[in-house]
Structure formats: C-alpha cells, structure tokens
Amino acid sequence: MTAAPTSARNAVVAAALDLFVAQGFEATSVEQIAQAAGVSRSTFFRQFGGKDDVVFSDHEVLLAQLRTSLGTLQDDPHENPWAAACAASVEVFRHFAAEPELARRRYAVVRQVPALREREIVTVFQYERLFDEYLRSALPGLDPVDAVAFSAAVTAVHNHVLRRLLRGTEDIPESVLTDAYDRLMHRFGVHPGGHEAQEDDLVVAVFPRRMPGAEVARRLRESL
C-alpha cells in the first residue's frame, strides 16, 4: 500500500466518515467514497485497501513511524527507554489532537460498528506490543513482566486522555498526558529526573525497591 500525502489521505478519510455517519458503515460502498473524495476506485484501493482501512489508516502510518524512531534509540545508552516510550505515545496523541474534529468523527463511527470496535482493540494492542518489544531490546535482562506492565500502563494512560478529547467538545492540552506520564514513571521508579553529574562526583546510588533490575543496571552503567 502506497502512502499518499497527509492532506490527500485526510480528504478521503473525511469523505468516508461523512458517508458512514450519514448512511451507515455497511451501507456505504467504496465507489461512493471514491466519488465523494474525487479519486478513482483503483486509487482508493491502492492507498487504503478497504473501507475499514480508511478508519484506521492513521494508525498504520503512526505505528511504522514509531517503530523506526524507537529502533534508532534502542542502542543509545544516554536515552531513558521508559521516557522514550512515553514520548512516542505523546506523538500519537499529538497527531490526533491536531485535527480533533476529524478524530471525533472517526471515534463516533467506530463506536457504532462492532467490527470496527474489535479492530480498535487489536490496534491498541499493536502499540502495547511495540513498546514492550522496544523496552526489552533497549534493556537486556529486563523482566518481561515489568516490560508488559509498563507498556500496558503507557497505552492505557494514553487511551484515557485521548478519549477525554474524543468524547468532549473542548481540546485537551498535551500537558495533561505528559504530566500523567511523569506520575507513571515515578510510580515505576524509572523517572529520568535528577541532577547533572560532575566529573568529580562521588556517586551514591539509591534506587526504589520497585525499580526493575534492568533499569538499575542501565543507570549504573550510565553513571560509571
């Protein structure tokens, strides 16, 4: 599937959502969407694949982008993997918050169609699995339970804040999500905050009992 420029893709998505709202998802044909968006049927299939792909096309692009960006970070010893996973999730929120009305229309359609709700669950799991795989790669020896727990928490917090945006009529500032992630990282004992180290510092390491052993090892390597 070839990615089209964002503005062109959004025009097709917007046309499809308008039709889904007006006459229902099942009653709307690909031909009707293509005609409303001013593209050919073959162009539609080349860009999206099917009707349900229109609804979730943004997620496919976002997942690919995050997979690439996190992949470049996993070998960086100065990058806090926990914070990187949170920052990646913020990028997803930022994308949908940039066009909240389009995101709200998409959400309304998904809520009305059981098959789309099921695909949404699968899509959410794809983000969770991406963060889980990244953490395990960036932190060799990390307990899989810690990786799964943190990845699930990051995804759940994101979905909670995003749904506040989608269900309401007012914009939700990005700081709501970043503040929530700060609290989450403190709860897991992996917050990157701390003072700047000096060359002649005497390092006394104190770590919360709840901090995963792999993160303790990473911080010790970074300090020493």
# chains A, B, ... in the order shown; residues from 1 in each chain; ligands from 1
>>> closest_atom_pairs(of="region 96-165 of chain A", to="region 76-81 of chain A", cutoff="8 Å", atoms="only C-alpha atoms", output="tab-separated table")
residue	atom	partner	partner_atom	distance
A:Tyr134	CA	A:Pro81	CA	7.9
A:Leu135	CA	A:Pro81	CA	6.3
A:Ala138	CA	A:Pro81	CA	6.5
A:Leu139	CA	A:Pro81	CA	7.7
>>> residues_around(residues="Val113 (chain A)", least_positions_apart="6", cutoff="10 Å", atoms="only C-alpha atoms", output="number ranges by chain")
A: 24-26
>>> write_last_selection(atoms="N, CA, C and O atoms", output="PDB file, in the first residue's frame")
ATOM      1  N   GLY A  24     -24.500   5.081   7.276  1.00  0.00           N
ATOM      2  CA  GLY A  24     -24.080   3.852   7.933  1.00  0.00           C
ATOM      3  C   GLY A  24     -22.864   3.240   7.262  1.00  0.00           C
ATOM      4  O   GLY A  24     -22.668   3.376   6.050  1.00  0.00           O
ATOM      5  N   PHE A  25     -22.077   2.533   8.050  1.00  0.00           N
ATOM      6  CA  PHE A  25     -20.842   1.933   7.537  1.00  0.00           C
ATOM      7  C   PHE A  25     -21.133   0.843   6.510  1.00  0.00           C
ATOM      8  O   PHE A  25     -20.554   0.812   5.426  1.00  0.00           O
ATOM      9  N   GLU A  26     -22.047  -0.055   6.846  1.00  0.00           N
ATOM     10  CA  GLU A  26     -22.334  -1.182   5.964  1.00  0.00           C
ATOM     11  C   GLU A  26     -22.974  -0.737   4.655  1.00  0.00           C
ATOM     12  O   GLU A  26     -22.759  -1.359   3.603  1.00  0.00           O
TER      13      GLU A  26
END
>>> select_by_dssp(residues="region 7-93 of chain A", states="helix (DSSP H, G or I)", output="PyMOL selection string")
chain A and resi 7-23+30-37+41-47+51-73+81-93
>>> write_last_selection(atoms="C-alpha atoms", output="PDB file, in the first residue's frame")
ATOM      1  CA  SER A   7      -3.735  16.227   3.136  1.00  0.00           C
ATOM      2  CA  ALA A   8      -4.860  13.921   0.311  1.00  0.00           C
ATOM      3  CA  ARG A   9      -5.358  10.977   2.666  1.00  0.00           C
ATOM      4  CA  ASN A  10      -7.312  13.128   5.110  1.00  0.00           C
ATOM      5  CA  ALA A  11      -9.613  14.306   2.322  1.00  0.00           C
ATOM      6  CA  VAL A  12     -10.536  10.701   1.550  1.00  0.00           C
ATOM      7  CA  VAL A  13     -10.881   9.849   5.244  1.00  0.00           C
ATOM      8  CA  ALA A  14     -13.128  12.868   5.836  1.00  0.00           C
ATOM      9  CA  ALA A  15     -15.330  11.975   2.855  1.00  0.00           C
ATOM     10  CA  ALA A  16     -15.638   8.375   4.039  1.00  0.00           C
ATOM     11  CA  LEU A  17     -16.519   9.374   7.592  1.00  0.00           C
ATOM     12  CA  ASP A  18     -19.186  11.786   6.357  1.00  0.00           C
ATOM     13  CA  LEU A  19     -20.795   8.963   4.402  1.00  0.00           C
ATOM     14  CA  PHE A  20     -20.504   6.497   7.291  1.00  0.00           C
ATOM     15  CA  VAL A  21     -22.276   8.961   9.594  1.00  0.00           C
ATOM     16  CA  ALA A  22     -24.968   9.852   7.044  1.00  0.00           C
ATOM     17  CA  GLN A  23     -25.905   6.400   5.775  1.00  0.00           C
ATOM     18  CA  VAL A  30     -16.040   2.008  -1.816  1.00  0.00           C
ATOM     19  CA  GLU A  31     -17.366   3.506  -5.058  1.00  0.00           C
ATOM     20  CA  GLN A  32     -19.364   6.083  -3.100  1.00  0.00           C
ATOM     21  CA  ILE A  33     -16.338   7.030  -1.012  1.00  0.00           C
ATOM     22  CA  ALA A  34     -14.111   7.364  -4.057  1.00  0.00           C
ATOM     23  CA  GLN A  35     -16.682   9.504  -5.853  1.00  0.00           C
ATOM     24  CA  ALA A  36     -17.208  11.767  -2.818  1.00  0.00           C
ATOM     25  CA  ALA A  37     -13.440  12.173  -2.353  1.00  0.00           C
ATOM     26  CA  ARG A  41     -11.702   3.314  -7.230  1.00  0.00           C
ATOM     27  CA  SER A  42      -8.243   1.941  -8.050  1.00  0.00           C
ATOM     28  CA  THR A  43      -6.574   4.899  -6.314  1.00  0.00           C
ATOM     29  CA  PHE A  44      -8.666   4.263  -3.229  1.00  0.00           C
ATOM     30  CA  PHE A  45      -7.668   0.620  -3.048  1.00  0.00           C
ATOM     31  CA  ARG A  46      -4.022   1.470  -3.685  1.00  0.00           C
ATOM     32  CA  GLN A  47      -3.991   3.975  -0.815  1.00  0.00           C
ATOM     33  CA  LYS A  51     -13.426   0.532   3.965  1.00  0.00           C
ATOM     34  CA  ASP A  52     -12.225  -0.331   7.454  1.00  0.00           C
ATOM     35  CA  ASP A  53      -8.660   0.582   6.476  1.00  0.00           C
ATOM     36  CA  VAL A  54      -9.844   4.156   5.898  1.00  0.00           C
ATOM     37  CA  VAL A  55     -10.854   4.398   9.532  1.00  0.00           C
ATOM     38  CA  PHE A  56      -7.534   3.064  10.842  1.00  0.00           C
ATOM     39  CA  SER A  57      -5.135   4.356   8.189  1.00  0.00           C
ATOM     40  CA  ASP A  58      -3.542   6.884  10.551  1.00  0.00           C
ATOM     41  CA  HIS A  59      -2.594   4.123  12.975  1.00  0.00           C
ATOM     42  CA  GLU A  60      -0.764   2.161  10.290  1.00  0.00           C
ATOM     43  CA  VAL A  61       1.363   5.198   9.469  1.00  0.00           C
ATOM     44  CA  LEU A  62       1.949   6.074  13.127  1.00  0.00           C
ATOM     45  CA  LEU A  63       2.973   2.551  14.096  1.00  0.00           C
ATOM     46  CA  ALA A  64       5.511   2.463  11.255  1.00  0.00           C
ATOM     47  CA  GLN A  65       6.924   5.840  12.283  1.00  0.00           C
ATOM     48  CA  LEU A  66       7.215   4.856  15.946  1.00  0.00           C
ATOM     49  CA  ARG A  67       8.832   1.531  15.072  1.00  0.00           C
ATOM     50  CA  THR A  68      11.500   3.417  13.118  1.00  0.00           C
ATOM     51  CA  SER A  69      12.106   6.145  15.698  1.00  0.00           C
ATOM     52  CA  LEU A  70      12.273   3.762  18.659  1.00  0.00           C
ATOM     53  CA  GLY A  71      14.545   1.471  16.692  1.00  0.00           C
ATOM     54  CA  THR A  72      17.106   4.264  16.348  1.00  0.00           C
ATOM     55  CA  LEU A  73      17.031   4.866  20.114  1.00  0.00           C
ATOM     56  CA  PRO A  81      13.895   3.901  27.371  1.00  0.00           C
ATOM     57  CA  TRP A  82      10.958   4.410  29.717  1.00  0.00           C
ATOM     58  CA  ALA A  83      10.746   8.108  28.881  1.00  0.00           C
ATOM     59  CA  ALA A  84      11.236   7.325  25.180  1.00  0.00           C
ATOM     60  CA  ALA A  85       8.211   5.017  25.187  1.00  0.00           C
ATOM     61  CA  CYS A  86       6.135   7.734  26.847  1.00  0.00           C
ATOM     62  CA  ALA A  87       7.361  10.348  24.359  1.00  0.00           C
ATOM     63  CA  ALA A  88       6.432   8.076  21.458  1.00  0.00           C
ATOM     64  CA  SER A  89       2.919   7.765  22.852  1.00  0.00           C
ATOM     65  CA  VAL A  90       2.700  11.557  23.150  1.00  0.00           C
ATOM     66  CA  GLU A  91       3.460  11.755  19.412  1.00  0.00           C
ATOM     67  CA  VAL A  92       0.371   9.645  18.728  1.00  0.00           C
ATOM     68  CA  PHE A  93      -1.790  11.912  20.893  1.00  0.00           C
TER      69      PHE A  93
END
>>> atom_distance(atom1="CA of Arg105 (chain A)", atom2="CA of Val176 (chain A)")
22.2 Å
>>> atom_distance(atom1="CA of Pro140 (chain A)", atom2="CA of Gly213 (chain A)")
10.2 Å
>>> residues_around(residues="region 152-159 of chain A", least_positions_apart="4", cutoff="9 Å", atoms="only C-alpha atoms", output="JSON list (two decimals) with N, CA and C atoms, in the first residue's frame")
[["chain", "number", "residue", "atom", "x", "y", "z"],
["A", 85, "ALA", "N", 9.50, 5.65, 25.48],
["A", 85, "ALA", "CA", 8.21, 5.02, 25.19],
["A", 85, "ALA", "C", 7.06, 5.99, 25.44],
["A", 86, "CYS", "N", 7.17, 6.73, 26.54],
["A", 86, "CYS", "CA", 6.14, 7.73, 26.85],
["A", 86, "CYS", "C", 6.11, 8.83, 25.79],
["A", 89, "SER", "N", 4.37, 7.76, 22.68],
["A", 89, "SER", "CA", 2.92, 7.77, 22.85],
["A", 89, "SER", "C", 2.36, 9.19, 22.75],
["A", 90, "VAL", "N", 3.11, 10.15, 23.25],
["A", 90, "VAL", "CA", 2.70, 11.56, 23.15],
["A", 90, "VAL", "C", 2.60, 11.97, 21.68],
["A", 92, "VAL", "N", 1.65, 10.15, 19.24],
["A", 92, "VAL", "CA", 0.37, 9.65, 18.73],
["A", 92, "VAL", "C", -0.76, 10.59, 19.14],
["A", 93, "PHE", "N", -0.77, 10.98, 20.41],
["A", 93, "PHE", "CA", -1.79, 11.91, 20.89],
["A", 93, "PHE", "C", -1.73, 13.23, 20.12],
["A", 124, "VAL", "N", -4.90, -1.13, 19.45],
["A", 124, "VAL", "CA", -4.35, -0.72, 20.74],
["A", 124, "VAL", "C", -3.28, -1.71, 21.19],
["A", 125, "PHE", "N", -3.54, -2.98, 20.99],
["A", 125, "PHE", "CA", -2.55, -4.00, 21.38],
["A", 125, "PHE", "C", -1.27, -3.86, 20.57],
["A", 127, "TYR", "N", 0.19, -1.11, 19.63],
["A", 127, "TYR", "CA", 1.01, -0.09, 20.30],
["A", 127, "TYR", "C", 1.66, -0.70, 21.56],
["A", 128, "GLU", "N", 0.86, -1.40, 22.32],
["A", 128, "GLU", "CA", 1.38, -2.00, 23.55],
["A", 128, "GLU", "C", 2.52, -2.97, 23.25],
["A", 129, "ARG", "N", 2.34, -3.79, 22.23],
["A", 129, "ARG", "CA", 3.39, -4.75, 21.87],
["A", 129, "ARG", "C", 4.64, -4.04, 21.36],
["A", 131, "PHE", "N", 5.78, -1.06, 22.31],
["A", 131, "PHE", "CA", 6.51, -0.54, 23.46],
["A", 131, "PHE", "C", 7.18, -1.66, 24.25],
["A", 132, "ASP", "N", 6.49, -2.78, 24.38],
["A", 132, "ASP", "CA", 7.03, -3.94, 25.08],
["A", 132, "ASP", "C", 8.30, -4.43, 24.40],
["A", 147, "ALA", "N", 8.27, -5.18, 31.61],
["A", 147, "ALA", "CA", 8.09, -4.61, 30.28],
["A", 147, "ALA", "C", 6.62, -4.57, 29.89],
["A", 148, "VAL", "N", 5.92, -5.67, 30.13],
["A", 148, "VAL", "CA", 4.50, -5.75, 29.79],
["A", 148, "VAL", "C", 3.68, -4.77, 30.64],
["A", 163, "ARG", "N", -9.40, 9.64, 24.91],
["A", 163, "ARG", "CA", -10.87, 9.52, 24.92],
["A", 163, "ARG", "C", -11.53, 10.75, 25.54],
["A", 164, "ARG", "N", -10.86, 11.39, 26.47],
["A", 164, "ARG", "CA", -11.38, 12.66, 27.01],
["A", 164, "ARG", "C", -11.49, 13.68, 25.89],
["A", 177, "LEU", "N", -1.36, 14.77, 29.28],
["A", 177, "LEU", "CA", -0.77, 13.45, 29.05],
["A", 177, "LEU", "C", 0.66, 13.39, 29.58],
["A", 180, "ALA", "N", 0.70, 13.07, 33.25],
["A", 180, "ALA", "CA", 0.29, 11.72, 33.65],
["A", 180, "ALA", "C", 1.45, 10.75, 33.50],
["A", 181, "TYR", "N", 2.24, 10.91, 32.45],
["A", 181, "TYR", "CA", 3.40, 10.03, 32.26],
["A", 181, "TYR", "C", 4.49, 10.31, 33.29],
["A", 184, "LEU", "N", 3.37, 8.38, 36.18],
["A", 184, "LEU", "CA", 3.52, 6.95, 35.90],
["A", 184, "LEU", "C", 4.97, 6.51, 36.09]]
